[in-house]
Structures are given as structure tokens and as C-alpha cells.
Amino acid sequence: MADAATMSTPIAVTADTDRYWPLRRMAEALAAPLLALAASAVLFSLLLLGLGQSPLEFLELVWRGAFGSWFSLQNTLQRAAPLLLTALCVALPGQLGLVVIGGEAAVVLGGLAATVVALPFVNTSPAIVLPVMALAGMAMGGLWIGITGALRARLGVNETIASLVMAYIGLALFNHLVEGVFRDPASLNKPSTFGIGEDNMLGTVPGLDVHPGTPVGILACILCWVLIYRTSLGFAGRVTGGNPRAAQLQGLPVGRLMILACVLGGACAGLAGTIEVAAQHGRANASLAAGYGYTGILIAFLARFNPLAIMPMAVLLGGLGAAGGLLQRRMGLPDATMQVLQGLIFVSILASETFYGRIAWFQPRGAGK
Amino acid sequence: MSDILETSHAIGVDSPHAIGVEAIDIGKRFGAFHALSGVSMKVRPGTVHGLLGENGAGKSTLVKCLLGYYRADEGSFLVDNHEATIERPADADALGLGMVYQHFTLVPSMTVAENLVMSRRDVPAAIDWRSELNHLADFMRSMPFKVPLHAEAGSLAAGERQKTEIVKQLYLKRRFLVLDEPTSVLTPAEADEMLGLVQELAHSGQVSIVIITHKLKEVAKFVDEVTVLRRGRFAGAGAVRDLGPADLTAMMIGEPHTPAKPERVGNATSDIRLSLNGLRTAEDNGRAGLSIDTLTVRAHEIVGIAGVSGNGQKDLVEVLGGQRPIAAGTMEVDGASYDASRAASQAHGVRVLPEEPLRNGCVPTMTVADNLALRSFDRDGTGKPISWLDRSGMAARATQMIAAFGVRAPSAQVPIGVLSGGNVQRCVLARELDGDVRLLIVANPCFGLDVKAVAETRARIVAARNAGTAVLLISEDLDEILELSDRIVVMHGGHVAAELPAEGADPQEIGRHMLGHA
């Protein structure tokens, strides 16, 4: 409107007084999860003391098992690979305000689909097999989480419950298929599909002892960050997540955006399953259901759905997993101890959400209110 | 006055007596921001006291300090002439200070009686409902107005619910009550009735009342004394009979204010911008849907939709905003079928000013700059779709809009949720009026805004009309419709009940159509 500036209404001067606030906002976003981690460390130490164990020894062993040597660091990075992708399966819908917790099913079904689709090609070449696997795994994962998105967008079904129920269905379906039609009769103790063949499996990254899942996961995180924060599609998604009513009033296709975010997130989880098959197991079996989908939820919340923040958090949680064996051997702690620690971290993270906006120092200063 | 005093005798000697409250030199800081400094307010017992000020003037902060939700950094409170320490809500509660909030706090699925009993501090583990109900019936007899004890709170009309909230406070033996913008959700008739009862209650000596309000008409009619705040400071006080609306406005805004009627330029042309034909929507929970045979809005014209709340205006806004499906009929903009999609609204220059802009028109967690870009983030300067955000362009346009519309914000990079209501409204105006606006849909644009923001919003709407925009104004405020419209359409039960030119329109006649007796 041309005459807007010359209107007779009183016009206040805009004071651009708080230039440092974006920095303080970043500090707040860092401080909250760090505080949560510290709080869970204190609680976990109390538990260890109660068990008659030394928290310092625990810390030392975690350090040694996860980051202390070149070998353990590589182990940690490799364990982080599927976590990077399953965390995206939570973070992408999370940016649109959806809490989707069914990534585990997308991982196993993605891995199964990738394996089954690859079987007719096993005698061609990895250059054919691997892309076919990736496409099949991503399509299957995208479909599975996409169903949850569609239920939410079209029928108003709560996406958290839907994704949880779909995860049970997906895992049951996976077991049914692996123990049934797709079973390799030679797999006796551990029902598995036929293998994709050693020759078709992923090697290691040149110069490292890490399979390419880690760089793929990092690349996926960067691409998702760009999608969310630098494209107009991502902007539309963030508007939808921040206020669906406003998004509707702006004519944004709210339902379609929700489904798309779920499909993309599911595709990431499906890719995680694919990489597990192609790099680790060579076939689909119960080893795929290792809880990556659930740890991904924890990581996505730790990262507040920011794909860049997922990277350090996935390494942290991957490290805890990598140190698990050492802890078991040296301190005689049961496997479930790690799950207790993860649970404590998760609860602390959820509680730390109340921290935002509470401390005046982090808030914007100056005019406007 | 004398018969009011007589009623107070009729109520009985054991009824609580009103207490006076005085706030002295109250100061409250949030970090480096002084929300209140040196603010005083004296509420005499048995009076209706108006607490006035623009959005962000500190009214809410002052009453929150008084009720113990915030702790004042400086100053003191006198309650019933005794110094009182109010550090938590329970302290205020013990002193008999209470508040009725803008939003309702009744449990909708419980009856009024259940709501009342439940709100008590000493609810026994097992409730003897027979004796409670007898007690409540006795209590209700002592009240100057009745509310149905056995009705579900959710089934009450807004005015009834507001009365129930007040009754609840009296039931809790509160002797000093703060009402936060009590009439913002009421129809004019309900508002007058409710305020009349409140005034009677105060003058009967049962309770002292503080009303937080923007509406100067209500102040003139129902308030005894006022305290005015401006930007966290005391700006004036006095008896209403000594102060005219001009004095009050001057105190609130701090500068002479002439609510000049915005000048109109140009007349409606034959250029039809919006046309609804045979529009029907499905009925909603047993309530009839929309049934509009024909409605048009032309260029250079403001069409005001008047009606009592709940007669289809909300459905109409939702249909135009793409939030409610059409069962039958057509909606056309510039002669082309319109589906309220983003592509259609961008192609035809359709914009919307929703009510409660922060809730309906903004993303509170995103920055001011992002919110200002909601209409344009996916198009370049020439209107072509773009995949990559033009972040520097968004920031530059935000700076322009902030300057042109006088938005007061610490920076364009703060979340819009931290701005005051008036500044959020300026942002939404800046965004929705940017560029070639051919059709503007406006719904209760001034709901909850202060005097200055109301004047500004209305001036912007008229300026858009003068520049050739077709405006559809849907408002529950009849004064607003009469002030702004060129043509008035009255809705009743989802139908168009009447259509008449605004020039020389008779409010009484419009009122009859609104109630469906014409």
C-alpha cells in the first residue's frame, strides 16, 4: 500500500536495540539440554552409588569404551549411523508439530523390503543391487510412516498413538514374513531371509574402519537441515508446526505437508534399516530390531528436532551403546543399566522444556512489551 | 442509590462486607525491563474501580502482583487499611481478594453446583450433595442475580457463564474482585446487564470491584473511579463524573487524541470482487449451517456483516478461509471460482485479518521477520514460485514493514510472541495489506485491542477501501460496523436476514433483524 507510510496514525520509532539476543537464544538452546544431561548424570550416579558402584569408574569406562581410543571412536561413529537416520524420522514430523514414535517399524520393514527386492539381482553387481535396495528401503519406510501421517492429516487420528500401534503391527508383520514366506530354510536358530551376498555388501569408508552409513547419515542430517531452514517448503512446514490455524489461513496445504514430512522421515528410517542389512547383517532378521527407532526418539528430543543438533546427540548415544559391553564386563552391570540411563536422560530432557523462557538473561530486551 | 442500600439490608447481616485495597508505589521488573514503576491505585470499599491503559501499560502486571501471582519488587499493599504481605496466591485468597479471568475457568462438563463446590478450598473427601445443594440454594437466594445450579456449565451462554464466574467468587467469600475485560466475549446487551449487576453488587457494599477495560463507554456508564496506567507508570486517577472520554483517552495515550472518523474516498464501482451464490454448509452439532443465497462485495466498498454471535458469522469466515468445506453453491473472486488455496489467494490478492491475530494469524515461536513473510515467502518479486528462501529479502521487507506500520519490537529477529497485542496487530496489518490487495476479509479486527490500536486498525481498513480494495467486515461490534461499512448485511440463523445501505442506517432496525424479528 503506497499511502501506508504517510498515514496520520502515530508511528513509534523501531528500536533495534537487542542485537545480541540471537546469540543468547542459541546459548539458551544449548544450556537446556546440557542441564538436562547434567541432571540425569546426577540421578544416575545416585543409582550407581546405591548399587555400590563408583560413578567415576563408570564415567571412565564410558569414555574409554566410547571415545578413548581410535577403535572405540570408530565403533561409536558406526553405531551412530542408524541413530542419525531414525532421529530424523522423529525430527521431520516433529518440525510440523507431530510426535511420531514408530520409527522402529520403518527400520525393520525398510531393511526387509530392501533385502527382498535385492534378491533377484544378487548375481548382477553392487552398483545395481545397492541403489535398488536404498530405493526399496526408503519407499517402504516412507509408506509405513506416511500411513500414520495420512491418518492424522485426513482423519484426525492422534499420530503418536497411531505410530505406536503401527510399530507393533510392523514388527509383527516383519516377524511373520521373516519366519514365513521369506525365510531361508538354511537359517535354523535365527530365522532370516536369504542373504544379499558378501560381494554386494557395503565395504568400509577408505582409510577408516567405519561403514558408509555414518557419512550417509550425516549427509541426510545436513540435507534435512537445509530443507527445513532454507527452502520455502521447509518454511511452510515450520509455519504448520508452529500454528496450524495460521497455516490454514495462509492457504498452506497443511494436510499434505504433514504427510510429506512423515513420508520423508519414514524414508530416513527405512534407509537406516537398508544400511544395517547392506553393511552389517547381509540379510534381514531379528537383529534389525535393535531399538534404533526408539533411541532415535530420544536423540530427536535431545536435539529439539534440529537436524544439525542430531549429529552430536547421536554420537553421544552411540557412544553409550558402544561402551555397554565394556561396562558389562568390567563393572558387572546388567544390560538394562544403559536403558535406565537412557530413560533418565529422556525424562530430564522433557522436563527441561519448561526451562525455556524462564530465565530473564536469555530473553530479548528493550522495547516492544 | 437509596433502594440499592435497602437491598443490601435485605441480603442480611452475615453477608461479607466489601474491603478497600490500596497499592502504594508498586514496582516490578522483569530482567532489565520495568513493567511497573511507582504505580499507586486506591480502590475504596463498595465501589467499581476502572483500571485503564493501553495494551502493555502494566494493568495485568499490577493485578497479578496484587493477587500474588507475581511478587512486587517495590511498594506495599494496604488491604482493609492494614498493611498486607502478598507473596503467593494463597495470601490473596486468605485476604478475600479474587479475580475473574478473561477466559472461563468453569469445567464445561460439570453442573454449576458442582463447579461451585469444587472450587472451594475445603472440599471434603465425600460430598454430602443434599446438604451442599440446600446450602447452595440458600446462598443463591442471597445473590442479586440467579444462575441455574443444575445446568451444565458448558451449556450456558457467554453472559450466564460470566455471571457464574462472579457468583463463584462471591461463594468463595471474596470481598474484592478484579474482572479482567469482563465484556470482551459478551453481546452488547449481555455486557450492559452484567455490568449493571456488578455495579449494584458493589454499591450494595458486598464487594469492591476493579474492572480492567478498554471500553470508555462502559467506564462512563458503570465505573465510579478510575486509575490510568501508561507504559508501566501511573498516568492519572479520579472520579469518572469529573472526567470525560477525552480526558481518559489523553491519560491513556499521553497525547491529544481525536478519534476522527476516517475519510472515505471514492464510491463502490460495479467491479464485483467477491460473489457467493447458493452457499450451503453442513450443519454442525445440530446447529444449522450457512444458507446464503447471494452476497457480493465490490471494489471501493466495505460490506459489514452484523449479527449476534453464533449466527453463522464464524462459519462464513471459516468458509472464506478454507477451513470449512462447502456443501453446495459457489464462491467466486473476480469471476473465477475460489477455493481459498494459497495459489488462489495469491492469484486474486485475497487477504485475511483474523480475530485474535496472535492465535489465528501468527506463528508465536517464529520471528517477527518470518511472520511478516507468511504471505510472500514462496514467491519472488515478480510472483514466480521459489524453492529457496530469500532470507535477506525477507529481512529487508520486514524492516520496511516495521517502519511503515510503526511496530515496536526489540528487533525483527525476536519471536513475534513476545510483542504486545497492539504490535502483533500492526505486524498482521502490515503483512495482510502489503501489495495489491483486491479482497480483504476482516473478522472482529479490534477484539481485545486498546483505543489507539483500534483507531489505527480501522484507519488502515478504510485506507485499503479507498485504494480500491473490496472489504468484507465481519464483526460482533455493531458500532464498528456502523462506523466502517458502506453497506450492511445482517445475519440470523445462517441466513442473510437483511441488507441495507450504511448511510442513515437505523441501529434499532438492525437490532431487530439481528434478533430475527423483522
# chains A, B, ... in the order shown; residues from 1 in each chain; ligands from 1
>>> residues_around(residues="Leu109 in chain A", least_positions_apart="4", cutoff="8 Å", atoms="only C-alpha atoms", output="JSON, numbers by chain")
{"A": [105, 113, 137, 140, 141, 170, 171, 174, 270, 273]}
>>> write_last_selection(atoms="C-alpha atoms", output="tab-separated table (two decimals), in the first residue's frame")
chain	number	residue	atom	x	y	z
A	105	ALA	CA	8.87	-50.50	12.33
A	113	ALA	CA	11.95	-54.61	1.73
A	137	GLY	CA	14.00	-49.47	1.84
A	140	MET	CA	8.83	-48.96	2.44
A	141	GLY	CA	9.79	-46.79	5.42
A	170	GLY	CA	5.01	-53.51	11.57
A	171	LEU	CA	7.18	-55.60	13.90
A	174	PHE	CA	8.20	-58.36	9.91
A	270	GLY	CA	13.86	-47.18	6.05
A	273	GLY	CA	17.31	-50.45	8.01
>>> interface_residues(of="chain B", to="chain A", cutoff="6 Å", atoms="only C-alpha atoms", output="PDB file with N, CA and C atoms, in the first residue's frame")
ATOM      1  N   GLY B  31      13.779  -8.801  34.506  1.00  0.00           N
ATOM      2  CA  GLY B  31      15.127  -8.578  33.980  1.00  0.00           C
ATOM      3  C   GLY B  31      15.394  -7.088  33.964  1.00  0.00           C
ATOM      4  N   GLY B  56      -0.084  -3.509  27.293  1.00  0.00           N
ATOM      5  CA  GLY B  56       1.305  -3.367  27.703  1.00  0.00           C
ATOM      6  C   GLY B  56       1.518  -2.216  28.670  1.00  0.00           C
ATOM      7  N   GLY B 321     -11.900 -18.713   4.589  1.00  0.00           N
ATOM      8  CA  GLY B 321     -10.507 -19.010   4.893  1.00  0.00           C
ATOM      9  C   GLY B 321     -10.120 -20.447   4.550  1.00  0.00           C
ATOM     10  N   SER B 341      -7.341 -21.765  -1.543  1.00  0.00           N
ATOM     11  CA  SER B 341      -5.989 -22.326  -1.508  1.00  0.00           C
ATOM     12  C   SER B 341      -4.987 -21.182  -1.612  1.00  0.00           C
ATOM     13  N   ARG B 342      -3.722 -21.506  -1.301  1.00  0.00           N
ATOM     14  CA  ARG B 342      -2.703 -20.473  -1.347  1.00  0.00           C
ATOM     15  C   ARG B 342      -2.555 -19.908  -2.764  1.00  0.00           C
ATOM     16  N   ASN B 360      -4.559 -16.688  15.629  1.00  0.00           N
ATOM     17  CA  ASN B 360      -5.053 -17.153  14.332  1.00  0.00           C
ATOM     18  C   ASN B 360      -4.191 -16.751  13.153  1.00  0.00           C
ATOM     19  N   GLY B 361      -3.355 -15.735  13.339  1.00  0.00           N
ATOM     20  CA  GLY B 361      -2.650 -15.224  12.173  1.00  0.00           C
ATOM     21  C   GLY B 361      -1.141 -15.275  12.264  1.00  0.00           C
ATOM     22  N   CYS B 362      -0.590 -15.726  13.378  1.00  0.00           N
ATOM     23  CA  CYS B 362       0.862 -15.685  13.535  1.00  0.00           C
ATOM     24  C   CYS B 362       1.370 -17.015  14.056  1.00  0.00           C
ATOM     25  N   VAL B 363       2.672 -17.223  13.872  1.00  0.00           N
ATOM     26  CA  VAL B 363       3.338 -18.357  14.500  1.00  0.00           C
ATOM     27  C   VAL B 363       4.158 -17.779  15.652  1.00  0.00           C
ATOM     28  N   ASP B 378       7.106 -17.751  -0.429  1.00  0.00           N
ATOM     29  CA  ASP B 378       7.282 -18.724  -1.511  1.00  0.00           C
ATOM     30  C   ASP B 378       7.184 -18.094  -2.898  1.00  0.00           C
ATOM     31  N   SER B 387      11.846 -21.937  -4.664  1.00  0.00           N
ATOM     32  CA  SER B 387      12.074 -23.076  -3.767  1.00  0.00           C
ATOM     33  C   SER B 387      12.962 -22.688  -2.597  1.00  0.00           C
ATOM     34  N   TRP B 388      13.877 -21.731  -2.845  1.00  0.00           N
ATOM     35  CA  TRP B 388      14.815 -21.354  -1.788  1.00  0.00           C
ATOM     36  C   TRP B 388      14.342 -20.077  -1.121  1.00  0.00           C
ATOM     37  N   LEU B 389      14.412 -20.035   0.197  1.00  0.00           N
ATOM     38  CA  LEU B 389      14.016 -18.824   0.915  1.00  0.00           C
ATOM     39  C   LEU B 389      14.980 -17.698   0.581  1.00  0.00           C
ATOM     40  N   ALA B 404       7.046   1.206   8.337  1.00  0.00           N
ATOM     41  CA  ALA B 404       5.828   1.788   7.778  1.00  0.00           C
ATOM     42  C   ALA B 404       4.653   1.667   8.730  1.00  0.00           C
ATOM     43  N   GLY B 406       5.005   1.240  12.135  1.00  0.00           N
ATOM     44  CA  GLY B 406       5.332   1.649  13.496  1.00  0.00           C
ATOM     45  C   GLY B 406       5.299   0.524  14.496  1.00  0.00           C
ATOM     46  N   ARG B 408       6.648  -1.665  17.344  1.00  0.00           N
ATOM     47  CA  ARG B 408       7.698  -1.539  18.361  1.00  0.00           C
ATOM     48  C   ARG B 408       8.157  -2.931  18.754  1.00  0.00           C
ATOM     49  N   ALA B 409       9.388  -3.259  18.356  1.00  0.00           N
ATOM     50  CA  ALA B 409       9.934  -4.588  18.658  1.00  0.00           C
ATOM     51  C   ALA B 409      11.408  -4.433  18.948  1.00  0.00           C
ATOM     52  N   PRO B 410      11.958  -5.267  19.859  1.00  0.00           N
ATOM     53  CA  PRO B 410      13.389  -5.168  20.145  1.00  0.00           C
ATOM     54  C   PRO B 410      14.217  -5.392  18.882  1.00  0.00           C
ATOM     55  N   SER B 411      13.756  -6.267  18.016  1.00  0.00           N
ATOM     56  CA  SER B 411      14.432  -6.490  16.742  1.00  0.00           C
ATOM     57  C   SER B 411      13.508  -7.339  15.887  1.00  0.00           C
ATOM     58  N   LEU B 419       5.897  -9.854  21.555  1.00  0.00           N
ATOM     59  CA  LEU B 419       5.404  -8.491  21.368  1.00  0.00           C
ATOM     60  C   LEU B 419       4.062  -8.313  22.075  1.00  0.00           C
ATOM     61  N   SER B 420       3.720  -7.052  22.330  1.00  0.00           N
ATOM     62  CA  SER B 420       2.411  -6.769  22.927  1.00  0.00           C
ATOM     63  C   SER B 420       1.328  -6.926  21.865  1.00  0.00           C
ATOM     64  N   ASP B 434      -0.028  -5.664   2.502  1.00  0.00           N
ATOM     65  CA  ASP B 434       1.130  -5.452   1.644  1.00  0.00           C
ATOM     66  C   ASP B 434       0.790  -5.856   0.210  1.00  0.00           C
ATOM     67  N   GLY B 435       1.165  -5.013  -0.747  1.00  0.00           N
ATOM     68  CA  GLY B 435       0.991  -5.369  -2.153  1.00  0.00           C
ATOM     69  C   GLY B 435      -0.405  -5.055  -2.662  1.00  0.00           C
TER      70      GLY B 435
END
>>> residues_around(residues="Leu51 in chain A", least_positions_apart="2", cutoff="12 Å", atoms="only C-alpha atoms", output="PyMOL selection string")
chain A and resi 44-49+53-55+331-334+337
>>> write_last_selection(atoms="C-alpha atoms", output="compact mmCIF listing (two decimals), in the first residue's frame")
# COMPACT_ATOMS: atom_id res chain seq x y z
CA PHE A 44 22.27 -42.00 37.50
CA SER A 45 25.25 -41.54 39.86
CA LEU A 46 22.88 -41.92 42.80
CA LEU A 47 21.64 -45.17 41.27
CA LEU A 48 25.21 -46.43 40.83
CA LEU A 49 26.09 -45.48 44.40
CA GLN A 53 29.45 -48.87 42.15
CA SER A 54 31.61 -45.85 41.55
CA PRO A 55 30.17 -43.20 39.20
CA MET A 331 31.56 -53.45 36.39
CA GLY A 332 29.23 -56.40 36.11
CA LEU A 333 26.32 -54.07 35.38
CA PRO A 334 23.34 -55.65 33.66
CA THR A 337 21.55 -50.24 33.14
>>> closest_residue(among="B:Ala153, B:Ala343, B:Val48, B:Val79", to="Lys384 in chain B", atoms="only C-alpha atoms")
B:Ala343
>>> select_by_dssp(residues="range 32-90 of chain B", states="helix (DSSP H, G or I)", output="PDB file with N, CA and C atoms, in the first residue's frame")
ATOM      1  N   LYS B  59      -1.354  -3.096  33.345  1.00  0.00           N
ATOM      2  CA  LYS B  59      -2.560  -3.392  34.133  1.00  0.00           C
ATOM      3  C   LYS B  59      -2.528  -4.821  34.670  1.00  0.00           C
ATOM      4  N   SER B  60      -2.236  -5.764  33.760  1.00  0.00           N
ATOM      5  CA  SER B  60      -2.228  -7.167  34.198  1.00  0.00           C
ATOM      6  C   SER B  60      -1.148  -7.398  35.230  1.00  0.00           C
ATOM      7  N   THR B  61       0.020  -6.782  35.024  1.00  0.00           N
ATOM      8  CA  THR B  61       1.114  -6.977  35.971  1.00  0.00           C
ATOM      9  C   THR B  61       0.702  -6.477  37.354  1.00  0.00           C
ATOM     10  N   LEU B  62       0.035  -5.310  37.395  1.00  0.00           N
ATOM     11  CA  LEU B  62      -0.369  -4.754  38.689  1.00  0.00           C
ATOM     12  C   LEU B  62      -1.331  -5.701  39.409  1.00  0.00           C
ATOM     13  N   VAL B  63      -2.361  -6.192  38.699  1.00  0.00           N
ATOM     14  CA  VAL B  63      -3.308  -7.054  39.409  1.00  0.00           C
ATOM     15  C   VAL B  63      -2.672  -8.401  39.743  1.00  0.00           C
ATOM     16  N   LYS B  64      -1.732  -8.849  38.919  1.00  0.00           N
ATOM     17  CA  LYS B  64      -1.073 -10.119  39.251  1.00  0.00           C
ATOM     18  C   LYS B  64      -0.219  -9.960  40.509  1.00  0.00           C
ATOM     19  N   CYS B  65       0.390  -8.798  40.698  1.00  0.00           N
ATOM     20  CA  CYS B  65       1.119  -8.546  41.946  1.00  0.00           C
ATOM     21  C   CYS B  65       0.145  -8.553  43.118  1.00  0.00           C
ATOM     22  N   LEU B  66      -0.996  -7.893  42.911  1.00  0.00           N
ATOM     23  CA  LEU B  66      -1.982  -7.768  43.977  1.00  0.00           C
ATOM     24  C   LEU B  66      -2.538  -9.143  44.368  1.00  0.00           C
ATOM     25  N   PRO B  89      -0.494 -16.675  45.690  1.00  0.00           N
ATOM     26  CA  PRO B  89      -1.949 -16.578  45.513  1.00  0.00           C
ATOM     27  C   PRO B  89      -2.719 -16.916  46.792  1.00  0.00           C
ATOM     28  N   ALA B  90      -2.194 -17.843  47.595  1.00  0.00           N
ATOM     29  CA  ALA B  90      -2.924 -18.219  48.806  1.00  0.00           C
ATOM     30  C   ALA B  90      -3.070 -17.031  49.762  1.00  0.00           C
TER      31      ALA B  90
END
>>> select_by_dssp(residues="range 148-300 of chain A", states="strand (DSSP E or B)", output="MDAnalysis selection string")
chainID A and resid 183 192:193 231 285
>>> write_last_selection(atoms="C-alpha atoms", output="short mmCIF file (atom, residue, chain, number, x, y, z; two decimals), in the first residue's frame")
data_model
loop_
_atom_site.label_atom_id
_atom_site.label_comp_id
_atom_site.auth_asym_id
_atom_site.auth_seq_id
_atom_site.Cartn_x
_atom_site.Cartn_y
_atom_site.Cartn_z
CA ARG A 183 12.67 -67.45 5.28
CA SER A 192 16.43 -64.93 8.38
CA THR A 193 15.78 -64.10 4.76
CA THR A 231 13.66 -23.78 1.49
CA ASN A 285 16.48 -60.94 10.62
#
>>> residues_around(residues="Met194 in chain B", least_positions_apart="2", cutoff="9 Å", atoms="only C-alpha atoms", output="list in words")
Gly159, Glu160, Gln162, Lys163, Pro182, Thr183, Ala189, Glu190, Ala191, Asp192, Gly196, Leu197, Val198 and Gln199 of chain B
>>> write_last_selection(atoms="C-alpha atoms", output="PDB file, in the first residue's frame")
ATOM      1  CA  GLY B 159     -23.175 -13.926  29.659  1.00  0.00           C
ATOM      2  CA  GLU B 160     -24.515 -16.615  32.001  1.00  0.00           C
ATOM      3  CA  GLN B 162     -19.580 -14.791  33.198  1.00  0.00           C
ATOM      4  CA  LYS B 163     -22.239 -14.350  35.883  1.00  0.00           C
ATOM      5  CA  PRO B 182     -15.288  -8.937  31.509  1.00  0.00           C
ATOM      6  CA  THR B 183     -17.316  -7.895  28.473  1.00  0.00           C
ATOM      7  CA  ALA B 189     -26.996  -6.397  25.803  1.00  0.00           C
ATOM      8  CA  GLU B 190     -25.337  -9.086  27.934  1.00  0.00           C
ATOM      9  CA  ALA B 191     -22.498  -6.698  28.735  1.00  0.00           C
ATOM     10  CA  ASP B 192     -24.854  -3.965  29.920  1.00  0.00           C
ATOM     11  CA  GLY B 196     -25.307  -3.250  35.821  1.00  0.00           C
ATOM     12  CA  LEU B 197     -25.443  -6.195  38.206  1.00  0.00           C
ATOM     13  CA  VAL B 198     -21.790  -5.796  39.105  1.00  0.00           C
ATOM     14  CA  GLN B 199     -22.369  -2.138  39.878  1.00  0.00           C
TER      15      GLN B 199
END
>>> residues_around(residues="range 114-121 of chain A", least_positions_apart="3", cutoff="12 Å", atoms="only C-alpha atoms", output="ChimeraX atom specification")
/A:106-111,124-141,174,177-178,181-184,192-197,199-201,267,270-279,281-285,288
>>> decode(residues="range 104-125 of chain B", atoms="N, CA and C atoms", output="compact mmCIF listing (two decimals), in the first residue's frame")
# COMPACT_ATOMS: atom_id res chain seq x y z
N PHE B 104 -12.77 -18.40 30.52
CA PHE B 104 -13.58 -19.02 31.56
C PHE B 104 -12.82 -20.13 32.27
N THR B 105 -13.10 -20.30 33.55
CA THR B 105 -12.39 -21.31 34.32
C THR B 105 -13.33 -22.38 34.85
N LEU B 106 -14.58 -22.39 34.34
CA LEU B 106 -15.51 -23.43 34.77
C LEU B 106 -15.22 -24.72 34.01
N VAL B 107 -15.51 -25.85 34.65
CA VAL B 107 -15.36 -27.14 33.96
C VAL B 107 -16.64 -27.35 33.15
N PRO B 108 -16.54 -27.38 31.80
CA PRO B 108 -17.76 -27.37 30.99
C PRO B 108 -18.67 -28.57 31.21
N SER B 109 -18.10 -29.73 31.55
CA SER B 109 -18.94 -30.92 31.64
C SER B 109 -19.58 -31.08 33.02
N MET B 110 -19.31 -30.16 33.94
CA MET B 110 -19.91 -30.27 35.27
C MET B 110 -21.00 -29.22 35.44
N THR B 111 -21.93 -29.48 36.35
CA THR B 111 -23.00 -28.51 36.55
C THR B 111 -22.46 -27.31 37.31
N VAL B 112 -23.26 -26.26 37.31
CA VAL B 112 -22.87 -25.05 38.04
C VAL B 112 -22.63 -25.38 39.51
N ALA B 113 -23.56 -26.17 40.10
CA ALA B 113 -23.41 -26.51 41.51
C ALA B 113 -22.10 -27.27 41.74
N GLU B 114 -21.80 -28.22 40.89
CA GLU B 114 -20.56 -28.99 41.04
C GLU B 114 -19.34 -28.08 40.91
N ASN B 115 -19.41 -27.16 39.95
CA ASN B 115 -18.31 -26.22 39.77
C ASN B 115 -18.09 -25.38 41.03
N LEU B 116 -19.21 -24.94 41.63
CA LEU B 116 -19.08 -24.08 42.81
C LEU B 116 -18.46 -24.85 43.96
N VAL B 117 -18.99 -26.03 44.24
CA VAL B 117 -18.50 -26.80 45.38
C VAL B 117 -17.03 -27.17 45.16
N MET B 118 -16.73 -27.56 43.91
CA MET B 118 -15.37 -27.99 43.61
C MET B 118 -14.34 -26.88 43.81
N SER B 119 -14.77 -25.62 43.60
CA SER B 119 -13.82 -24.53 43.66
C SER B 119 -13.41 -24.20 45.09
N ARG B 120 -14.13 -24.78 46.07
CA ARG B 120 -13.82 -24.45 47.46
C ARG B 120 -12.50 -25.04 47.88
N ARG B 121 -11.85 -24.40 48.83
CA ARG B 121 -10.57 -24.87 49.30
C ARG B 121 -10.71 -26.14 50.15
N ASP B 122 -11.85 -26.24 50.85
CA ASP B 122 -12.01 -27.31 51.85
C ASP B 122 -13.00 -28.37 51.39
N VAL B 123 -12.92 -28.77 50.11
CA VAL B 123 -13.87 -29.78 49.63
C VAL B 123 -13.62 -31.07 50.41
N PRO B 124 -14.67 -31.62 51.06
CA PRO B 124 -14.46 -32.87 51.81
C PRO B 124 -14.25 -34.04 50.85
N ALA B 125 -13.67 -35.12 51.36
CA ALA B 125 -13.40 -36.28 50.51
C ALA B 125 -14.69 -36.90 50.00
